Amino acid sequence: MNIAKKTVLITGANRGIGLALVNEALRRGAKRVYAGTRGALENADKRVTPLTLDVTSVSQIRRAADEIGALDVLINNAGIALYDDLSDSEVLERSLAVNLFGPFNVTRAFLPLLKRSKGAIVNNLSLAALAPLPIIPAYSISKAAAFNMTQSLRAFLAGHGVTVHAVFLGPIDTDMTRGFEIPKASPESAAIGVFDGLEKGEEDIFPDPASRSVADGWRTGVAKALEREFAAFAPESAANPE
Ligand SMILES: NC(=O)c1ccc[n+]([C@@H]2O[C@H](COP(=O)([O-])OP(=O)(O)OC[C@H]3O[C@@H](n4cnc5c(N)ncnc54)[C@H](OP(=O)(O)O)[C@@H]3O)[C@@H](O)[C@H]2O)c1
């Protein structure tokens with residue numbers, strides 16, 4: 001999908017990759033960018049509409065959905081990464097609340113609009129969805145679960161003309177990776193990679209050098225083959241919130 005003249009909603013849009021996605025969507029000629037944030041947001045571009053949206057708040061999600069009349073692309077970007085060792089279930093619960101139930105509830109709220117536009121859902125996941133990073137295991141679990149959800153939604157929504165994309169981000173230079181001394185890509189280059197992948201119609205998007213190094217192996221691997229095989233079992237009535 002080409003982003004020009006499209007209406008896009010991005011969660012976690014005030015900093016990091018979310019902010020870079022807002023700017024890249026504008027650069028590519030988006031008609032309207034809804035910038036979902038927890039705090040106040042200022043953007044000089046008149047095509048940006050700030051939206052109060054904590055993805056863990058059912059009431060804020062409902063209000064945001066009521067405010068928006070049409071939507072072509074939903075980018076579930078908001079996320080948290082907490083250092084842990086799986087000794088505290090509360091860390092896992094918080095990770096799941098933001099990284100799994102956040103995109104789950106936001107997606108369900110906007111699904112009627114996305115079905116109408118035959119739009120796209122883009123879920124910002126992580127290489128840690130494919131293999132756990134043991135310094136952030138709760139995060140890894142939440143991203144693996146969000147990836148599995150992405151795959152089910154992809155199967156459910158194929159018949160509705162809505163495409164569902166997984167973005168496997170590698171290390172990107174944002175607050176989230178502050179103090180983690182490894183090579184990182186810029187958020188701006190990652191945002192370009194996300195929209196390039198969307199334009200090419202890639203269901204699994206590998207937007208940075210670290211993620212691109214596993215792209216071919218993933219696309220030709222047994223897990224991808226099984227996903228395609230299992231997708232045939234999706235009931236036609238699935239993913240219908242109305
Ligand atoms: N950076 C990386 O290396 C990397 C790698 C793989 C995947 N990712 C994924 O990419 C996405 C963006 O990451 P980032 O690096 O840009 O992180 P970041 O710089 O830490 O920014 C996180 C964003 O998510 C928002 N957020 C957190 N909790 C939220 C909630 N409950 N409701 C709404 N917004 C919330 C934050 O808003 P506040 O400012 O209000 O806190 C902020 O805008 C995340 O899903 C992350 O898991 C990042």
# chains A, B, ... in the order shown; residues from 1 in each chain; ligands from 1
call {"tool": "select_by_dssp", "arguments": {"residues": "chain A", "states": "strand (DSSP E or B)", "output": "JSON, numbers by chain"}}
result
{"A": [7, 8, 9, 10, 11, 32, 33, 34, 35, 36, 37, 48, 49, 50, 51, 52, 73, 74, 75, 76, 120, 121, 122, 123, 124, 125, 126, 163, 164, 165, 166, 167, 168, 169, 172, 185, 204, 205]}
call {"tool": "residues_near_ligand", "arguments": {"ligand": "ligand 1", "cutoff": "9 Å", "atoms": "only C-alpha atoms and all ligand atoms", "output": "JSON, numbers by chain"}}
result
{"A": [11, 12, 13, 14, 15, 16, 17, 18, 19, 20, 36, 37, 38, 39, 52, 53, 54, 55, 56, 57, 76, 77, 78, 79, 80, 81, 97, 98, 99, 102, 123, 124, 125, 126, 127, 128, 129, 139, 143, 167, 168, 169, 170, 171, 172, 173, 174, 175, 176, 177, 178, 184, 185, 187]}
call {"tool": "closest_residue", "arguments": {"among": "A:Ala166, A:Ala225, A:Ile205, A:Ala138", "to": "A:Leu86", "atoms": "only C-alpha atoms"}}
result
A:Ala138
call {"tool": "atom_distance", "arguments": {"atom1": "atom CA of A:Glu227", "atom2": "atom CA of A:Leu9"}}
result
27.3 Å
call {"tool": "residues_around", "arguments": {"residues": "A:Val162", "least_positions_apart": "2", "cutoff": "10 Å", "atoms": "only C-alpha atoms", "output": "tab-separated table (two decimals) with all heavy atoms, in the first residue's frame"}}
result
chain	number	residue	atom	x	y	z
A	72	ASP	N	-7.06	4.37	6.91
A	72	ASP	CA	-6.48	3.42	5.96
A	72	ASP	C	-5.41	2.54	6.60
A	72	ASP	O	-5.30	1.36	6.25
A	72	ASP	CB	-5.83	4.18	4.79
A	72	ASP	CG	-6.84	4.99	4.00
A	72	ASP	OD1	-7.78	4.37	3.46
A	72	ASP	OD2	-6.73	6.23	3.96
A	73	VAL	N	-4.60	3.13	7.50
A	73	VAL	CA	-3.48	2.36	8.06
A	73	VAL	C	-3.41	2.58	9.57
A	73	VAL	O	-3.40	3.71	10.04
A	73	VAL	CB	-2.13	2.81	7.44
A	73	VAL	CG1	-0.97	1.98	8.02
A	73	VAL	CG2	-2.15	2.70	5.93
A	111	LEU	N	-11.15	-1.78	13.63
A	111	LEU	CA	-11.37	-2.77	12.57
A	111	LEU	C	-12.53	-2.40	11.63
A	111	LEU	O	-12.40	-2.56	10.41
A	111	LEU	CB	-11.60	-4.14	13.21
A	111	LEU	CG	-11.12	-5.36	12.42
A	111	LEU	CD1	-9.80	-5.15	11.75
A	111	LEU	CD2	-11.10	-6.57	13.35
A	114	LEU	N	-11.14	-0.01	9.15
A	114	LEU	CA	-10.13	-0.62	8.29
A	114	LEU	C	-10.76	-1.56	7.28
A	114	LEU	O	-10.32	-1.68	6.14
A	114	LEU	CB	-9.08	-1.35	9.14
A	114	LEU	CG	-8.21	-0.41	9.99
A	114	LEU	CD1	-7.47	-1.17	11.08
A	114	LEU	CD2	-7.20	0.34	9.10
A	115	LYS	N	-11.84	-2.22	7.69
A	115	LYS	CA	-12.55	-3.09	6.74
A	115	LYS	C	-13.19	-2.25	5.65
A	115	LYS	O	-13.18	-2.62	4.47
A	115	LYS	CB	-13.62	-3.90	7.46
A	115	LYS	CG	-13.08	-5.09	8.23
A	115	LYS	CD	-14.23	-5.84	8.84
A	115	LYS	CE	-13.76	-7.05	9.62
A	115	LYS	NZ	-14.87	-7.70	10.34
A	116	ARG	N	-13.75	-1.10	6.05
A	116	ARG	CA	-14.40	-0.22	5.08
A	116	ARG	C	-13.40	0.28	4.04
A	116	ARG	O	-13.71	0.36	2.86
A	116	ARG	CB	-15.05	0.96	5.82
A	116	ARG	CG	-16.27	1.52	5.11
A	116	ARG	CD	-16.93	2.63	5.90
A	116	ARG	NE	-17.35	2.22	7.22
A	116	ARG	CZ	-17.45	3.04	8.27
A	116	ARG	NH1	-17.15	4.32	8.15
A	116	ARG	NH2	-17.84	2.59	9.45
A	117	SER	N	-12.19	0.62	4.50
A	117	SER	CA	-11.19	1.18	3.57
A	117	SER	C	-10.35	0.10	2.88
A	117	SER	O	-9.54	0.40	2.03
A	117	SER	CB	-10.26	2.12	4.33
A	117	SER	OG	-9.51	1.39	5.30
A	118	LYS	N	-10.57	-1.15	3.31
A	118	LYS	CA	-9.68	-2.24	2.88
A	118	LYS	C	-8.23	-1.82	3.16
A	118	LYS	O	-7.37	-1.77	2.28
A	118	LYS	CB	-9.89	-2.62	1.42
A	118	LYS	CG	-11.31	-3.07	1.12
A	118	LYS	CD	-11.35	-4.12	0.05
A	118	LYS	CE	-12.77	-4.58	-0.27
A	118	LYS	NZ	-13.49	-5.13	0.90
A	119	GLY	N	-8.01	-1.52	4.43
A	119	GLY	CA	-6.76	-0.91	4.86
A	119	GLY	C	-5.71	-1.90	5.32
A	119	GLY	O	-5.75	-3.09	4.97
A	120	ALA	N	-4.78	-1.38	6.13
A	120	ALA	CA	-3.65	-2.20	6.59
A	120	ALA	C	-3.42	-1.98	8.08
A	120	ALA	O	-3.59	-0.89	8.60
A	120	ALA	CB	-2.39	-1.82	5.82
A	121	ILE	N	-3.02	-3.07	8.73
A	121	ILE	CA	-2.59	-3.02	10.14
A	121	ILE	C	-1.11	-3.36	10.16
A	121	ILE	O	-0.69	-4.37	9.57
A	121	ILE	CB	-3.37	-4.05	10.98
A	121	ILE	CG1	-4.88	-3.75	10.94
A	121	ILE	CG2	-2.86	-4.09	12.42
A	121	ILE	CD1	-5.75	-4.90	11.41
A	153	LEU	N	-4.72	-12.63	12.97
A	153	LEU	CA	-5.49	-11.55	12.35
A	153	LEU	C	-5.28	-11.51	10.84
A	153	LEU	O	-6.20	-11.25	10.07
A	153	LEU	CB	-5.08	-10.20	12.96
A	153	LEU	CG	-5.58	-9.95	14.40
A	153	LEU	CD1	-4.94	-8.69	14.98
A	153	LEU	CD2	-7.10	-9.83	14.43
A	154	ARG	N	-4.08	-11.81	10.42
A	154	ARG	CA	-3.76	-11.85	8.99
A	154	ARG	C	-4.63	-12.88	8.28
A	154	ARG	O	-5.19	-12.63	7.21
A	154	ARG	CB	-2.28	-12.22	8.86
A	154	ARG	CG	-1.75	-12.30	7.49
A	154	ARG	CD	-0.29	-12.69	7.56
A	154	ARG	NE	0.56	-11.60	7.97
A	154	ARG	CZ	1.80	-11.75	8.46
A	154	ARG	NH1	2.33	-12.95	8.60
A	154	ARG	NH2	2.52	-10.70	8.80
A	155	ALA	N	-4.75	-14.05	8.93
A	155	ALA	CA	-5.57	-15.12	8.33
A	155	ALA	C	-7.05	-14.74	8.35
A	155	ALA	O	-7.77	-14.93	7.37
A	155	ALA	CB	-5.34	-16.42	9.09
A	156	PHE	N	-7.51	-14.16	9.49
A	156	PHE	CA	-8.92	-13.80	9.62
A	156	PHE	C	-9.33	-12.72	8.62
A	156	PHE	O	-10.44	-12.72	8.10
A	156	PHE	CB	-9.21	-13.23	11.02
A	156	PHE	CG	-9.12	-14.23	12.14
A	156	PHE	CD1	-8.97	-13.79	13.44
A	156	PHE	CD2	-9.21	-15.58	11.90
A	156	PHE	CE1	-8.90	-14.70	14.49
A	156	PHE	CE2	-9.14	-16.50	12.94
A	156	PHE	CZ	-8.98	-16.06	14.24
A	157	LEU	N	-8.42	-11.75	8.42
A	157	LEU	CA	-8.82	-10.54	7.71
A	157	LEU	C	-8.52	-10.59	6.21
A	157	LEU	O	-8.94	-9.69	5.47
A	157	LEU	CB	-8.15	-9.31	8.34
A	157	LEU	CG	-8.64	-9.03	9.77
A	157	LEU	CD1	-7.79	-7.96	10.45
A	157	LEU	CD2	-10.11	-8.61	9.76
A	158	ALA	N	-7.84	-11.64	5.78
A	158	ALA	CA	-7.50	-11.74	4.36
A	158	ALA	C	-8.76	-11.65	3.50
A	158	ALA	O	-8.79	-10.96	2.48
A	158	ALA	CB	-6.74	-13.03	4.09
A	159	GLY	N	-9.81	-12.30	3.96
A	159	GLY	CA	-11.06	-12.31	3.20
A	159	GLY	C	-11.80	-10.97	3.24
A	159	GLY	O	-12.76	-10.76	2.49
A	160	HIS	N	-11.37	-10.07	4.12
A	160	HIS	CA	-11.99	-8.74	4.21
A	160	HIS	C	-11.17	-7.68	3.48
A	160	HIS	O	-11.50	-6.49	3.55
A	160	HIS	CB	-12.12	-8.32	5.68
A	160	HIS	CG	-13.04	-9.19	6.48
A	160	HIS	ND1	-14.41	-8.98	6.54
A	160	HIS	CD2	-12.80	-10.28	7.23
A	160	HIS	CE1	-14.96	-9.90	7.31
A	160	HIS	NE2	-14.01	-10.71	7.74
A	164	VAL	N	-2.37	-7.47	7.12
A	164	VAL	CA	-1.83	-7.36	8.48
A	164	VAL	C	-0.32	-7.67	8.41
A	164	VAL	O	0.08	-8.75	7.97
A	164	VAL	CB	-2.54	-8.34	9.44
A	164	VAL	CG1	-2.05	-8.12	10.87
A	164	VAL	CG2	-4.05	-8.15	9.37
A	165	HIS	N	0.48	-6.69	8.83
A	165	HIS	CA	1.93	-6.76	8.65
A	165	HIS	C	2.65	-6.84	9.99
A	165	HIS	O	2.32	-6.11	10.92
A	165	HIS	CB	2.42	-5.52	7.90
A	165	HIS	CG	1.66	-5.29	6.62
A	165	HIS	ND1	2.15	-5.66	5.38
A	165	HIS	CD2	0.44	-4.74	6.39
A	165	HIS	CE1	1.25	-5.35	4.46
A	165	HIS	NE2	0.20	-4.79	5.05
call {"tool": "atom_distance", "arguments": {"atom1": "atom CA of A:Asp196", "atom2": "atom CA of A:Gly179"}}
result
29.0 Å
call {"tool": "residues_around", "arguments": {"residues": "A:Leu26", "least_positions_apart": "5", "cutoff": "10 Å", "atoms": "only C-alpha atoms", "output": "number ranges by chain"}}
result
A: 3-6, 8, 20-21, 31-33, 45, 47-48
call {"tool": "write_last_selection", "arguments": {"atoms": "all heavy atoms", "output": "compact mmCIF listing (two decimals), in the first residue's frame"}}
result
# COMPACT_ATOMS: atom_id res chain seq x y z
N ILE A 3 1.40 5.12 0.81
CA ILE A 3 0.89 5.92 1.92
C ILE A 3 0.36 7.30 1.47
O ILE A 3 -0.38 7.97 2.21
CB ILE A 3 2.00 6.06 3.00
CG1 ILE A 3 1.40 6.06 4.39
CG2 ILE A 3 2.88 7.24 2.78
CD1 ILE A 3 0.91 4.73 4.83
N ALA A 4 0.70 7.72 0.26
CA ALA A 4 0.26 9.04 -0.22
C ALA A 4 -1.27 9.13 -0.20
O ALA A 4 -1.95 8.18 -0.59
CB ALA A 4 0.78 9.27 -1.64
N LYS A 5 -1.78 10.25 0.28
CA LYS A 5 -3.21 10.54 0.36
C LYS A 5 -3.98 9.62 1.31
O LYS A 5 -5.20 9.56 1.29
CB LYS A 5 -3.87 10.50 -1.03
CG LYS A 5 -3.26 11.47 -2.03
CD LYS A 5 -4.19 11.65 -3.22
CE LYS A 5 -3.71 12.70 -4.16
NZ LYS A 5 -2.48 12.38 -4.89
N LYS A 6 -3.25 8.89 2.14
CA LYS A 6 -3.91 7.96 3.07
C LYS A 6 -4.03 8.58 4.46
O LYS A 6 -3.33 9.53 4.81
CB LYS A 6 -3.10 6.66 3.18
CG LYS A 6 -3.01 5.87 1.88
CD LYS A 6 -4.35 5.31 1.48
CE LYS A 6 -4.23 4.24 0.41
NZ LYS A 6 -3.48 4.62 -0.77
N VAL A 8 -3.62 7.80 8.41
CA VAL A 8 -2.79 6.85 9.19
C VAL A 8 -2.94 7.16 10.68
O VAL A 8 -2.97 8.33 11.07
CB VAL A 8 -1.30 7.03 8.81
CG1 VAL A 8 -0.44 5.97 9.48
CG2 VAL A 8 -1.09 7.02 7.32
N ALA A 20 9.29 9.12 14.30
CA ALA A 20 9.91 8.99 12.97
C ALA A 20 8.88 8.50 11.94
O ALA A 20 8.90 8.94 10.78
CB ALA A 20 11.09 8.02 13.04
N LEU A 21 7.97 7.64 12.36
CA LEU A 21 6.91 7.16 11.44
C LEU A 21 5.95 8.30 11.07
O LEU A 21 5.51 8.39 9.93
CB LEU A 21 6.14 6.00 12.08
CG LEU A 21 6.89 4.67 12.15
CD1 LEU A 21 6.20 3.70 13.11
CD2 LEU A 21 7.00 4.03 10.75
N LYS A 31 -2.45 11.99 3.87
CA LYS A 31 -3.48 13.05 3.93
C LYS A 31 -3.68 13.51 5.38
O LYS A 31 -3.81 14.69 5.67
CB LYS A 31 -4.78 12.48 3.37
CG LYS A 31 -5.92 13.50 3.30
CD LYS A 31 -7.07 12.96 2.49
CE LYS A 31 -7.80 11.85 3.25
NZ LYS A 31 -8.90 11.26 2.47
N ARG A 32 -3.72 12.55 6.29
CA ARG A 32 -3.94 12.85 7.71
C ARG A 32 -3.18 11.84 8.55
O ARG A 32 -3.18 10.64 8.22
CB ARG A 32 -5.45 12.77 8.01
CG ARG A 32 -5.85 12.81 9.46
CD ARG A 32 -6.32 14.16 10.00
NE ARG A 32 -6.44 15.26 9.09
CZ ARG A 32 -5.77 16.43 9.24
NH1 ARG A 32 -4.95 16.63 10.23
NH2 ARG A 32 -5.94 17.40 8.37
N VAL A 33 -2.49 12.33 9.57
CA VAL A 33 -1.80 11.42 10.50
C VAL A 33 -2.36 11.66 11.89
O VAL A 33 -2.22 12.75 12.45
CB VAL A 33 -0.27 11.65 10.50
CG1 VAL A 33 0.40 10.72 11.51
CG2 VAL A 33 0.32 11.42 9.11
N ASP A 45 2.78 20.63 11.43
CA ASP A 45 2.11 20.22 10.19
C ASP A 45 0.61 20.06 10.44
O ASP A 45 0.20 19.32 11.34
CB ASP A 45 2.71 18.89 9.71
CG ASP A 45 2.35 18.59 8.26
OD1 ASP A 45 1.13 18.55 7.95
OD2 ASP A 45 3.26 18.42 7.44
N ARG A 47 -1.54 18.52 8.92
CA ARG A 47 -2.11 17.19 8.63
C ARG A 47 -2.04 16.27 9.85
O ARG A 47 -2.58 15.17 9.81
CB ARG A 47 -1.35 16.55 7.46
CG ARG A 47 -1.58 17.25 6.14
CD ARG A 47 -0.66 16.68 5.08
NE ARG A 47 0.74 16.99 5.37
CZ ARG A 47 1.78 16.36 4.82
NH1 ARG A 47 1.58 15.36 3.97
NH2 ARG A 47 3.01 16.71 5.12
N VAL A 48 -1.39 16.74 10.93
CA VAL A 48 -1.27 15.91 12.14
C VAL A 48 -2.37 16.25 13.12
O VAL A 48 -2.56 17.41 13.49
CB VAL A 48 0.11 16.11 12.81
CG1 VAL A 48 0.18 15.33 14.13
CG2 VAL A 48 1.23 15.68 11.88
call {"tool": "atom_distance", "arguments": {"atom1": "atom CA of A:Leu133", "atom2": "atom CA of A:Leu74"}}
result
26.9 Å
call {"tool": "decode", "arguments": {"residues": "stretch 167-188 of chain A", "atoms": "N, CA and C atoms", "output": "mmCIF file, in the first residue's frame"}}
result
data_model
loop_
_atom_site.group_PDB
_atom_site.id
_atom_site.type_symbol
_atom_site.label_atom_id
_atom_site.label_comp_id
_atom_site.auth_asym_id
_atom_site.auth_seq_id
_atom_site.Cartn_x
_atom_site.Cartn_y
_atom_site.Cartn_z
ATOM 1 N N VAL A 167 6.268 -6.192 11.778
ATOM 2 C CA VAL A 167 7.562 -5.524 11.578
ATOM 3 C C VAL A 167 8.544 -6.084 12.604
ATOM 4 N N PHE A 168 9.586 -6.726 12.107
ATOM 5 C CA PHE A 168 10.600 -7.319 12.997
ATOM 6 C C PHE A 168 11.769 -6.354 13.129
ATOM 7 N N LEU A 169 11.621 -5.410 14.068
ATOM 8 C CA LEU A 169 12.679 -4.418 14.248
ATOM 9 C C LEU A 169 13.885 -5.037 14.953
ATOM 10 N N GLY A 170 15.068 -4.665 14.470
ATOM 11 C CA GLY A 170 16.301 -4.947 15.201
ATOM 12 C C GLY A 170 16.598 -3.760 16.102
ATOM 13 N N PRO A 171 17.826 -3.655 16.619
ATOM 14 C CA PRO A 171 18.139 -2.541 17.526
ATOM 15 C C PRO A 171 18.074 -1.178 16.830
ATOM 16 N N ILE A 172 17.277 -0.294 17.409
ATOM 17 C CA ILE A 172 17.081 1.057 16.863
ATOM 18 C C ILE A 172 17.466 2.049 17.963
ATOM 19 N N ASP A 173 18.064 3.149 17.562
ATOM 20 C CA ASP A 173 18.616 4.113 18.523
ATOM 21 C C ASP A 173 17.513 5.019 19.091
ATOM 22 N N THR A 174 16.867 4.545 20.150
ATOM 23 C CA THR A 174 15.806 5.319 20.813
ATOM 24 C C THR A 174 16.012 5.213 22.321
ATOM 25 N N ASP A 175 15.110 5.844 23.076
ATOM 26 C CA ASP A 175 15.180 5.743 24.543
ATOM 27 C C ASP A 175 15.171 4.277 24.995
ATOM 28 N N MET A 176 14.458 3.444 24.245
ATOM 29 C CA MET A 176 14.303 2.047 24.646
ATOM 30 C C MET A 176 15.631 1.304 24.718
ATOM 31 N N THR A 177 16.578 1.688 23.884
ATOM 32 C CA THR A 177 17.864 0.960 23.849
ATOM 33 C C THR A 177 19.002 1.797 24.430
ATOM 34 N N ARG A 178 18.634 2.894 25.103
ATOM 35 C CA ARG A 178 19.644 3.770 25.733
ATOM 36 C C ARG A 178 20.521 2.937 26.684
ATOM 37 N N GLY A 179 21.844 3.071 26.577
ATOM 38 C CA GLY A 179 22.745 2.352 27.471
ATOM 39 C C GLY A 179 23.081 0.943 26.998
ATOM 40 N N PHE A 180 22.500 0.535 25.896
ATOM 41 C CA PHE A 180 22.737 -0.795 25.342
ATOM 42 C C PHE A 180 23.727 -0.607 24.191
ATOM 43 N N GLU A 181 25.024 -0.894 24.430
ATOM 44 C CA GLU A 181 26.066 -0.498 23.471
ATOM 45 C C GLU A 181 26.263 -1.536 22.372
ATOM 46 N N ILE A 182 25.400 -1.469 21.381
ATOM 47 C CA ILE A 182 25.522 -2.343 20.206
ATOM 48 C C ILE A 182 25.212 -1.469 18.984
ATOM 49 N N PRO A 183 25.547 -1.912 17.785
ATOM 50 C CA PRO A 183 25.205 -1.109 16.605
ATOM 51 C C PRO A 183 23.686 -0.967 16.495
ATOM 52 N N LYS A 184 23.246 0.256 16.251
ATOM 53 C CA LYS A 184 21.797 0.523 16.154
ATOM 54 C C LYS A 184 21.507 1.327 14.894
ATOM 55 N N ALA A 185 20.356 1.094 14.314
ATOM 56 C CA ALA A 185 19.917 1.899 13.167
ATOM 57 C C ALA A 185 19.170 3.122 13.695
ATOM 58 N N SER A 186 19.083 4.155 12.885
ATOM 59 C CA SER A 186 18.358 5.350 13.314
ATOM 60 C C SER A 186 16.851 5.100 13.202
ATOM 61 N N PRO A 187 16.061 5.780 14.046
ATOM 62 C CA PRO A 187 14.602 5.644 13.916
ATOM 63 C C PRO A 187 14.110 6.101 12.548
ATOM 64 N N GLU A 188 14.788 7.107 11.971
ATOM 65 C CA GLU A 188 14.363 7.617 10.655
ATOM 66 C C GLU A 188 14.528 6.535 9.577
#
